[in-house]
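Reproduced below: target.txt, with compact mmCIF, N, CA and C atoms.
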# COMPACT_ATOMS: atom_id res chain seq x y z
N MET T 1 -12.40 0.24 19.92
CA MET T 1 -11.56 1.42 19.91
C MET T 1 -10.15 0.99 19.52
N GLY T 2 -9.58 1.63 18.53
CA GLY T 2 -8.23 1.31 18.09
C GLY T 2 -7.18 2.08 18.87
N VAL T 3 -5.95 1.80 18.55
CA VAL T 3 -4.83 2.48 19.20
C VAL T 3 -4.69 3.88 18.62
N ASN T 4 -4.56 4.86 19.47
CA ASN T 4 -4.35 6.24 19.06
C ASN T 4 -2.84 6.42 18.86
N PHE T 5 -2.38 6.22 17.62
CA PHE T 5 -0.95 6.29 17.34
C PHE T 5 -0.40 7.71 17.46
N GLU T 6 -1.26 8.70 17.32
CA GLU T 6 -0.82 10.09 17.53
C GLU T 6 -0.42 10.29 18.99
N LEU T 7 -1.22 9.73 19.89
CA LEU T 7 -0.93 9.83 21.32
C LEU T 7 0.34 9.03 21.67
N VAL T 8 0.49 7.85 21.08
CA VAL T 8 1.68 7.02 21.31
C VAL T 8 2.93 7.79 20.87
N GLY T 9 2.88 8.36 19.69
CA GLY T 9 4.02 9.14 19.19
C GLY T 9 4.35 10.32 20.06
N LYS T 10 3.30 11.00 20.53
CA LYS T 10 3.49 12.16 21.41
C LYS T 10 4.17 11.73 22.71
N ARG T 11 3.74 10.60 23.26
CA ARG T 11 4.31 10.13 24.52
C ARG T 11 5.76 9.71 24.33
N ILE T 12 6.06 9.07 23.20
CA ILE T 12 7.45 8.69 22.92
C ILE T 12 8.31 9.94 22.86
N ARG T 13 7.85 10.95 22.14
CA ARG T 13 8.60 12.21 22.02
C ARG T 13 8.79 12.87 23.39
N GLU T 14 7.72 12.90 24.21
CA GLU T 14 7.81 13.51 25.54
C GLU T 14 8.85 12.82 26.41
N VAL T 15 8.81 11.49 26.43
CA VAL T 15 9.76 10.75 27.26
C VAL T 15 11.17 10.92 26.71
N ARG T 16 11.30 10.81 25.40
CA ARG T 16 12.62 10.94 24.78
C ARG T 16 13.25 12.30 25.09
N THR T 17 12.48 13.36 24.93
CA THR T 17 13.04 14.69 25.15
C THR T 17 13.30 14.95 26.64
N SER T 18 12.44 14.40 27.51
CA SER T 18 12.69 14.58 28.95
C SER T 18 13.95 13.85 29.39
N ARG T 19 14.31 12.80 28.67
CA ARG T 19 15.53 12.04 28.97
C ARG T 19 16.74 12.60 28.20
N ARG T 20 16.48 13.66 27.43
CA ARG T 20 17.51 14.31 26.61
C ARG T 20 18.19 13.32 25.66
N VAL T 21 17.34 12.52 24.99
CA VAL T 21 17.81 11.55 24.01
C VAL T 21 17.36 12.05 22.64
N SER T 22 18.28 12.10 21.69
CA SER T 22 17.92 12.53 20.33
C SER T 22 17.22 11.38 19.61
N GLN T 23 16.54 11.72 18.54
CA GLN T 23 15.92 10.67 17.71
C GLN T 23 16.98 9.72 17.20
N GLN T 24 18.13 10.26 16.81
CA GLN T 24 19.22 9.43 16.29
C GLN T 24 19.73 8.46 17.36
N GLU T 25 19.91 8.95 18.59
CA GLU T 25 20.38 8.09 19.68
C GLU T 25 19.37 6.99 19.99
N LEU T 26 18.08 7.37 20.03
CA LEU T 26 17.03 6.39 20.28
C LEU T 26 17.02 5.34 19.18
N ALA T 27 17.09 5.81 17.94
CA ALA T 27 17.07 4.90 16.80
C ALA T 27 18.23 3.91 16.85
N GLU T 28 19.42 4.41 17.10
CA GLU T 28 20.59 3.53 17.14
C GLU T 28 20.49 2.50 18.25
N SER T 29 20.08 2.95 19.43
CA SER T 29 19.98 2.03 20.58
C SER T 29 18.86 1.00 20.39
N ALA T 30 17.80 1.39 19.69
CA ALA T 30 16.67 0.49 19.46
C ALA T 30 16.81 -0.31 18.16
N GLU T 31 17.92 -0.08 17.47
CA GLU T 31 18.18 -0.74 16.18
C GLU T 31 17.07 -0.44 15.17
N LEU T 32 16.71 0.84 15.12
CA LEU T 32 15.71 1.34 14.17
C LEU T 32 16.33 2.53 13.46
N SER T 33 15.65 3.06 12.45
CA SER T 33 16.18 4.24 11.76
C SER T 33 15.62 5.51 12.40
N ALA T 34 16.38 6.58 12.31
CA ALA T 34 15.94 7.87 12.84
C ALA T 34 14.68 8.35 12.09
N ALA T 35 14.62 8.06 10.81
CA ALA T 35 13.44 8.44 10.02
C ALA T 35 12.20 7.71 10.52
N TYR T 36 12.36 6.45 10.90
CA TYR T 36 11.24 5.66 11.44
C TYR T 36 10.78 6.25 12.77
N ILE T 37 11.71 6.61 13.64
CA ILE T 37 11.36 7.23 14.93
C ILE T 37 10.61 8.53 14.67
N SER T 38 11.09 9.33 13.75
CA SER T 38 10.44 10.60 13.41
C SER T 38 9.01 10.36 12.93
N ARG T 39 8.83 9.38 12.06
CA ARG T 39 7.49 9.09 11.53
C ARG T 39 6.56 8.57 12.63
N ILE T 40 7.09 7.80 13.56
CA ILE T 40 6.27 7.32 14.68
C ILE T 40 5.84 8.49 15.54
N GLU T 41 6.78 9.36 15.88
CA GLU T 41 6.46 10.50 16.74
C GLU T 41 5.46 11.45 16.11
N ARG T 42 5.44 11.54 14.80
CA ARG T 42 4.49 12.42 14.12
C ARG T 42 3.23 11.68 13.67
N ALA T 43 3.11 10.41 14.09
CA ALA T 43 1.96 9.55 13.75
C ALA T 43 1.80 9.37 12.25
N ARG T 44 2.92 9.40 11.54
CA ARG T 44 2.91 9.13 10.10
C ARG T 44 3.10 7.64 9.83
N LYS T 45 3.51 6.91 10.89
CA LYS T 45 3.75 5.48 10.78
C LYS T 45 3.23 4.82 12.05
N LYS T 46 2.53 3.71 11.90
CA LYS T 46 2.06 2.94 13.05
C LYS T 46 3.18 2.01 13.47
N THR T 47 3.61 2.15 14.71
CA THR T 47 4.70 1.33 15.20
C THR T 47 4.24 -0.11 15.45
N SER T 48 5.13 -1.03 15.22
CA SER T 48 4.83 -2.43 15.52
C SER T 48 5.03 -2.65 17.02
N LEU T 49 4.47 -3.72 17.52
CA LEU T 49 4.65 -4.05 18.94
C LEU T 49 6.13 -4.28 19.24
N GLU T 50 6.83 -4.96 18.34
CA GLU T 50 8.25 -5.22 18.54
C GLU T 50 9.04 -3.91 18.65
N SER T 51 8.76 -2.96 17.77
CA SER T 51 9.46 -1.67 17.82
C SER T 51 9.09 -0.89 19.07
N LEU T 52 7.83 -0.96 19.47
CA LEU T 52 7.39 -0.26 20.67
C LEU T 52 8.11 -0.80 21.91
N VAL T 53 8.29 -2.10 21.98
CA VAL T 53 9.02 -2.71 23.10
C VAL T 53 10.48 -2.25 23.08
N LYS T 54 11.09 -2.23 21.91
CA LYS T 54 12.49 -1.76 21.81
C LYS T 54 12.62 -0.32 22.27
N ILE T 55 11.71 0.53 21.83
CA ILE T 55 11.72 1.95 22.20
C ILE T 55 11.54 2.10 23.71
N ALA T 56 10.57 1.38 24.27
CA ALA T 56 10.32 1.45 25.71
C ALA T 56 11.56 1.01 26.50
N ASN T 57 12.19 -0.05 26.06
CA ASN T 57 13.39 -0.54 26.74
C ASN T 57 14.52 0.49 26.72
N VAL T 58 14.72 1.12 25.57
CA VAL T 58 15.79 2.12 25.46
C VAL T 58 15.48 3.33 26.35
N LEU T 59 14.22 3.74 26.39
CA LEU T 59 13.84 4.91 27.17
C LEU T 59 13.68 4.61 28.66
N GLY T 60 13.71 3.33 29.02
CA GLY T 60 13.60 2.96 30.43
C GLY T 60 12.21 3.13 31.00
N VAL T 61 11.19 2.90 30.16
CA VAL T 61 9.81 2.96 30.60
C VAL T 61 9.10 1.67 30.19
N THR T 62 7.90 1.49 30.67
CA THR T 62 7.11 0.34 30.26
C THR T 62 6.32 0.67 29.00
N VAL T 63 5.93 -0.36 28.29
CA VAL T 63 5.07 -0.16 27.12
C VAL T 63 3.76 0.49 27.57
N ASP T 64 3.29 0.12 28.76
CA ASP T 64 2.07 0.72 29.31
C ASP T 64 2.18 2.24 29.37
N GLU T 65 3.35 2.73 29.76
CA GLU T 65 3.53 4.18 29.86
C GLU T 65 3.42 4.85 28.49
N LEU T 66 3.89 4.17 27.46
CA LEU T 66 3.81 4.74 26.11
C LEU T 66 2.40 4.63 25.54
N LEU T 67 1.64 3.64 26.01
CA LEU T 67 0.27 3.46 25.54
C LEU T 67 -0.75 4.19 26.42
N CYS T 68 -0.28 4.81 27.48
CA CYS T 68 -1.16 5.48 28.44
C CYS T 68 -2.12 6.43 27.71
N GLY T 69 -3.38 6.31 28.05
CA GLY T 69 -4.40 7.16 27.43
C GLY T 69 -5.17 6.46 26.34
N ASN T 70 -4.75 5.25 25.97
CA ASN T 70 -5.42 4.51 24.91
C ASN T 70 -6.52 3.59 25.43
N GLN T 71 -6.58 3.37 26.72
CA GLN T 71 -7.60 2.50 27.27
C GLN T 71 -8.79 3.32 27.74
N MET T 72 -9.98 2.72 27.63
CA MET T 72 -11.17 3.42 28.10
C MET T 72 -11.15 3.56 29.61
N TYR T 73 -10.69 2.52 30.31
CA TYR T 73 -10.56 2.58 31.76
C TYR T 73 -9.09 2.55 32.10
N ASP T 74 -8.60 3.62 32.65
CA ASP T 74 -7.18 3.71 32.96
C ASP T 74 -7.02 4.27 34.36
N PRO T 75 -6.82 3.39 35.35
CA PRO T 75 -6.72 3.88 36.73
C PRO T 75 -5.50 4.77 36.96
N ALA T 76 -4.50 4.68 36.10
CA ALA T 76 -3.28 5.49 36.25
C ALA T 76 -3.26 6.66 35.29
N GLU T 77 -4.45 7.10 34.86
CA GLU T 77 -4.53 8.22 33.93
C GLU T 77 -3.73 9.41 34.44
N TYR T 78 -2.90 9.96 33.62
CA TYR T 78 -2.04 11.12 33.89
C TYR T 78 -0.86 10.81 34.82
N GLN T 79 -0.74 9.58 35.32
CA GLN T 79 0.35 9.26 36.22
C GLN T 79 1.70 9.43 35.52
N THR T 80 1.80 8.94 34.28
CA THR T 80 3.05 9.08 33.54
C THR T 80 3.37 10.55 33.31
N ASP T 81 2.36 11.34 32.98
CA ASP T 81 2.57 12.77 32.78
C ASP T 81 3.11 13.42 34.06
N MET T 82 2.51 13.06 35.18
CA MET T 82 2.97 13.61 36.46
C MET T 82 4.40 13.16 36.75
N ASP T 83 4.68 11.89 36.52
CA ASP T 83 6.03 11.38 36.77
C ASP T 83 7.06 12.12 35.92
N LEU T 84 6.72 12.37 34.66
CA LEU T 84 7.64 13.08 33.77
C LEU T 84 7.88 14.51 34.25
N GLU T 85 6.81 15.16 34.71
CA GLU T 85 6.95 16.53 35.19
C GLU T 85 7.80 16.60 36.46
N LEU T 86 7.69 15.58 37.30
CA LEU T 86 8.41 15.59 38.57
C LEU T 86 9.83 15.03 38.48
N ALA T 87 10.16 14.41 37.37
CA ALA T 87 11.43 13.68 37.23
C ALA T 87 12.66 14.54 37.56
N ASP T 88 12.66 15.79 37.17
CA ASP T 88 13.85 16.62 37.39
C ASP T 88 13.67 17.60 38.55
N CYS T 89 12.66 17.37 39.39
CA CYS T 89 12.40 18.26 40.52
C CYS T 89 13.17 17.82 41.76
N SER T 90 13.53 18.80 42.56
CA SER T 90 14.16 18.51 43.85
C SER T 90 13.08 18.03 44.81
N HIS T 91 13.51 17.52 45.96
CA HIS T 91 12.57 17.07 46.98
C HIS T 91 11.66 18.23 47.42
N VAL T 92 12.22 19.39 47.58
CA VAL T 92 11.45 20.56 48.00
C VAL T 92 10.42 20.93 46.93
N GLU T 93 10.84 20.94 45.67
CA GLU T 93 9.90 21.26 44.58
C GLU T 93 8.76 20.24 44.53
N LYS T 94 9.09 18.97 44.69
CA LYS T 94 8.04 17.93 44.68
C LYS T 94 7.05 18.16 45.82
N ARG T 95 7.55 18.50 46.99
CA ARG T 95 6.67 18.73 48.13
C ARG T 95 5.76 19.92 47.89
N ILE T 96 6.30 21.00 47.35
CA ILE T 96 5.50 22.19 47.05
C ILE T 96 4.42 21.86 46.02
N LEU T 97 4.80 21.15 44.97
CA LEU T 97 3.83 20.79 43.94
C LEU T 97 2.74 19.87 44.50
N TYR T 98 3.12 18.96 45.37
CA TYR T 98 2.13 18.09 46.02
C TYR T 98 1.12 18.93 46.80
N GLU T 99 1.62 19.88 47.58
CA GLU T 99 0.74 20.73 48.39
C GLU T 99 -0.18 21.57 47.51
N VAL T 100 0.35 22.07 46.38
CA VAL T 100 -0.46 22.86 45.45
C VAL T 100 -1.57 22.00 44.86
N VAL T 101 -1.24 20.81 44.40
CA VAL T 101 -2.24 19.91 43.81
C VAL T 101 -3.31 19.57 44.85
N ARG T 102 -2.88 19.26 46.03
CA ARG T 102 -3.81 18.91 47.10
C ARG T 102 -4.77 20.07 47.40
N SER T 103 -4.24 21.28 47.46
CA SER T 103 -5.07 22.46 47.73
C SER T 103 -6.03 22.75 46.59
N VAL T 104 -5.53 22.67 45.37
CA VAL T 104 -6.39 22.93 44.20
C VAL T 104 -7.51 21.89 44.13
N LYS T 105 -7.20 20.64 44.39
CA LYS T 105 -8.21 19.58 44.38
C LYS T 105 -9.31 19.89 45.40
N ARG T 106 -8.92 20.31 46.60
CA ARG T 106 -9.89 20.64 47.64
C ARG T 106 -10.77 21.80 47.20
N ILE T 107 -10.16 22.84 46.62
CA ILE T 107 -10.90 24.02 46.17
C ILE T 107 -11.88 23.65 45.06
N ILE T 108 -11.43 22.84 44.11
CA ILE T 108 -12.31 22.41 43.01
C ILE T 108 -13.52 21.67 43.57
N ARG T 109 -13.27 20.76 44.46
CA ARG T 109 -14.37 19.97 45.02
C ARG T 109 -15.32 20.83 45.86
N GLU T 110 -14.79 21.75 46.60
CA GLU T 110 -15.64 22.65 47.40
C GLU T 110 -16.51 23.52 46.52
N ASN T 111 -15.98 23.97 45.39
CA ASN T 111 -16.71 24.89 44.52
C ASN T 111 -17.59 24.20 43.49
N SER T 112 -17.39 22.90 43.29
CA SER T 112 -18.23 22.22 42.31
C SER T 112 -19.28 21.34 42.98
N GLY T 113 -19.23 21.24 44.30
CA GLY T 113 -20.20 20.43 45.01
C GLY T 113 -19.89 18.95 44.97
N GLN T 114 -18.75 18.58 44.42
CA GLN T 114 -18.37 17.17 44.36
C GLN T 114 -17.93 16.72 45.75
N ASP T 115 -18.17 15.47 46.01
CA ASP T 115 -17.72 14.91 47.27
C ASP T 115 -16.71 13.80 47.06
N GLY T 116 -15.94 13.94 45.98
CA GLY T 116 -14.90 12.96 45.72
C GLY T 116 -15.28 11.95 44.67
N ARG T 117 -16.51 12.07 44.13
CA ARG T 117 -16.93 11.13 43.10
C ARG T 117 -16.27 11.46 41.77
N LYS T 118 -15.95 10.39 41.04
CA LYS T 118 -15.38 10.59 39.70
C LYS T 118 -16.47 11.01 38.75
N SER T 119 -16.08 11.85 37.80
CA SER T 119 -17.07 12.28 36.80
C SER T 119 -16.92 11.47 35.54

Would you mind giving the structure from this file in structure tokens?
Amino acid sequence: MGVNFELVGKRIREVRTSRRVSQQELAESAELSAAYISRIERARKKTSLESLVKIANVLGVTVDELLCGNQMYDPAEYQTDMDLELADCSHVEKRILYEVVRSVKRIIRENSGQDGRKS
């Protein structure tokens, strides 16, 4: 299985926009061109490992977070997505969202007959 560069580009864009960083700002800080960042985000260009590390460093995330979803076995699947969604939430909002997720999980399992097994 190869690297899904479309997913990598999407994750870079998601993190960049959640951090309110423009493509130009990211490019300058990572010593890359804005056009290159744009092509990576649209999966028109396959990023090199060196560029991916630079981008991750500028965005303050790990390379793993940008590659999330590319492994067949990923114990932290969706963790980065959840972290990004919760990043700008207050303590109260985080608690409410936790309770909602917990309740929905219970309801899903009760109605699907699952007993906690992964599918």

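Between Val101 (chain T) and the residues T:Met82, T:Arg19, T:Val8, T:Cys89, the shortest atom-to-atom distance, using only C-alpha atoms, involves T:Met82.
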
All residues 7 Å or closer to region 28-44 of chain T, only N, CA and C atoms, same chain fewer than 3 positions away omitted, as a PyMOL selection string: chain T and resi 5-10+12-13+23-25+47+54-55+58

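Atom pair CA of Arg106 (chain T) / CA of Leu84 (chain T): separated by 23.6 Å.
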
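Atom N of Leu52 (chain T) sits 21.6 Å away from atom N of Asp83 (chain T).
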
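Note that CA of Arg20 (chain T) and atom C of Asp88 (chain T) are 13.0 Å apart.
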